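Enquirer: Mind having a look at this structure? Questions to follow.
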Amino acid sequence: MKFFSYVIYSQKSGSFYYGYFDDLEKVIEMHNADQIQPTRGKGPWVLLFSESYDNRMRAIRQSSFYRSVKGQRFLKKTLNF
């Protein structure tokens, strides 16, 4: 089974959200349908970046990395922010 770490962005609220899930399309739909509490009412959300892993723990660690200073630098460089 594949797991994904992902970064989504809402232009409306200027918010980023970093997460992991096993079905990337479904989780984006859930965010936009306000079914995930931390992002409720802040959408619409668009996918900025994702990576797939064969291991759930690796996806969780990568999601945490995005929140770190090094992770923020990586995303800015990768996404040309």
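Within each chain, counting starts at residue 1; across the structure tokens, chains are named A, B, ... in the order shown, with ligands numbered 1 upward in that order.
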Could you give me, as number ranges by chain, the residues within 6 Å of stretch 59-66 of chain A, counting only C-alpha atoms and dropping anything in the same chain fewer than 6 positions from it?
Expert: A: 4-5, 18-19, 72
Enquirer: Apply DSSP to the backbone of this structure and, from chain A, keep only the residues in strand (DSSP E or B); write these as an MDAnalysis selection string.
Expert: chainID A and resid 3:10 15:21 46:53
Enquirer: Go ahead and write the residues just picked, N, CA and C atoms, as an mmCIF file, in the first residue's frame.
Expert:
data_model
loop_
_atom_site.group_PDB
_atom_site.id
_atom_site.type_symbol
_atom_site.label_atom_id
_atom_site.label_comp_id
_atom_site.auth_asym_id
_atom_site.auth_seq_id
_atom_site.Cartn_x
_atom_site.Cartn_y
_atom_site.Cartn_z
ATOM 1 N N PHE A 3 1.509 5.291 0.722
ATOM 2 C CA PHE A 3 1.116 6.400 1.579
ATOM 3 C C PHE A 3 1.725 7.663 1.004
ATOM 4 N N PHE A 4 1.054 8.776 1.227
ATOM 5 C CA PHE A 4 1.495 10.049 0.675
ATOM 6 C C PHE A 4 1.673 11.075 1.779
ATOM 7 N N SER A 5 2.750 11.826 1.698
ATOM 8 C CA SER A 5 2.864 13.046 2.482
ATOM 9 C C SER A 5 2.525 14.164 1.504
ATOM 10 N N TYR A 6 1.847 15.197 1.990
ATOM 11 C CA TYR A 6 1.375 16.220 1.069
ATOM 12 C C TYR A 6 1.343 17.595 1.725
ATOM 13 N N VAL A 7 1.339 18.604 0.869
ATOM 14 C CA VAL A 7 1.202 19.991 1.294
ATOM 15 C C VAL A 7 0.074 20.588 0.469
ATOM 16 N N ILE A 8 -0.903 21.170 1.153
ATOM 17 C CA ILE A 8 -1.987 21.849 0.454
ATOM 18 C C ILE A 8 -1.988 23.311 0.883
ATOM 19 N N TYR A 9 -2.613 24.140 0.054
ATOM 20 C CA TYR A 9 -2.629 25.581 0.290
ATOM 21 C C TYR A 9 -4.011 26.140 0.000
ATOM 22 N N SER A 10 -4.425 27.090 0.813
ATOM 23 C CA SER A 10 -5.681 27.803 0.587
ATOM 24 C C SER A 10 -5.364 29.268 0.353
ATOM 25 N N SER A 15 -3.387 29.853 4.194
ATOM 26 C CA SER A 15 -2.911 28.786 5.071
ATOM 27 C C SER A 15 -2.309 27.631 4.288
ATOM 28 N N PHE A 16 -1.332 26.991 4.922
ATOM 29 C CA PHE A 16 -0.766 25.745 4.433
ATOM 30 C C PHE A 16 -1.185 24.649 5.396
ATOM 31 N N TYR A 17 -1.299 23.426 4.881
ATOM 32 C CA TYR A 17 -1.561 22.277 5.732
ATOM 33 C C TYR A 17 -0.653 21.154 5.259
ATOM 34 N N TYR A 18 -0.024 20.462 6.208
ATOM 35 C CA TYR A 18 0.915 19.384 5.918
ATOM 36 C C TYR A 18 0.327 18.106 6.500
ATOM 37 N N GLY A 19 0.176 17.082 5.684
ATOM 38 C CA GLY A 19 -0.426 15.858 6.177
ATOM 39 C C GLY A 19 0.066 14.620 5.464
ATOM 40 N N TYR A 20 -0.542 13.492 5.819
ATOM 41 C CA TYR A 20 -0.250 12.211 5.169
ATOM 42 C C TYR A 20 -1.543 11.423 5.096
ATOM 43 N N PHE A 21 -1.649 10.554 4.097
ATOM 44 C CA PHE A 21 -2.854 9.748 3.903
ATOM 45 C C PHE A 21 -2.546 8.674 2.873
ATOM 46 N N VAL A 46 -5.784 23.539 -2.540
ATOM 47 C CA VAL A 46 -5.137 22.994 -3.740
ATOM 48 C C VAL A 46 -3.865 22.266 -3.319
ATOM 49 N N LEU A 47 -3.575 21.205 -3.998
ATOM 50 C CA LEU A 47 -2.377 20.420 -3.726
ATOM 51 C C LEU A 47 -1.166 21.144 -4.289
ATOM 52 N N LEU A 48 -0.174 21.416 -3.430
ATOM 53 C CA LEU A 48 1.067 22.045 -3.875
ATOM 54 C C LEU A 48 2.175 21.038 -4.118
ATOM 55 N N PHE A 49 2.228 20.016 -3.265
ATOM 56 C CA PHE A 49 3.359 19.100 -3.312
ATOM 57 C C PHE A 49 2.970 17.792 -2.646
ATOM 58 N N SER A 50 3.452 16.686 -3.201
ATOM 59 C CA SER A 50 3.232 15.386 -2.563
ATOM 60 C C SER A 50 4.373 14.444 -2.907
ATOM 61 N N GLU A 51 4.566 13.484 -2.037
ATOM 62 C CA GLU A 51 5.552 12.426 -2.249
ATOM 63 C C GLU A 51 4.915 11.114 -1.797
ATOM 64 N N SER A 52 5.220 10.036 -2.498
ATOM 65 C CA SER A 52 4.648 8.737 -2.120
ATOM 66 C C SER A 52 5.704 7.859 -1.459
ATOM 67 N N TYR A 53 5.233 7.006 -0.547
ATOM 68 C CA TYR A 53 6.100 6.106 0.212
ATOM 69 C C TYR A 53 5.421 4.750 0.342
#
Enquirer: What does the distance between atom CA of A:Phe81 and atom CA of A:Lys26 come to in Å, to one decimal place?
Expert: 26.4 Å
Enquirer: Write down as a ChimeraX atom specification the residues belonging to chain A that are assigned helix (DSSP H, G or I) by DSSP computed on the backbone.
Expert: /A:24-32,37-39,56-67,69-79
Enquirer: For A:Glu29, which residue out of A:Met57, A:Lys77, A:Pro44, A:Arg67 is the nearest one, using only C-alpha atoms?
Expert: A:Pro44
Enquirer: Using Å and a single decimal, report how far atom CA of A:Leu79 sits from atom CA of A:Gly41.
Expert: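 Atom-to-atom, atom CA of A:Gly41 and atom CA of A:Leu79 are spaced 25.0 Å apart.
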Enquirer: For a quick check of understanding, using only C-alpha atoms, which of A:Gly43, A:His31, A:Glu25, A:Thr78 has the smallest distance to A:Lys12?
Expert: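 Of all the options, A:Gly43 lies closest to A:Lys12.
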Enquirer: Quick one: distance from atom CA of A:Lys42 to atom CA of A:Gln11 in Å, one decimal?
Expert: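 It comes out at 8.9 Å.
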Enquirer: Counting only C-alpha atoms, figure out which residue out of A:Val27, A:Trp45, A:Arg40, A:Lys70 gets nearest to A:Gly14.
Expert: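 Closest to A:Gly14, using only C-alpha atoms: A:Trp45.
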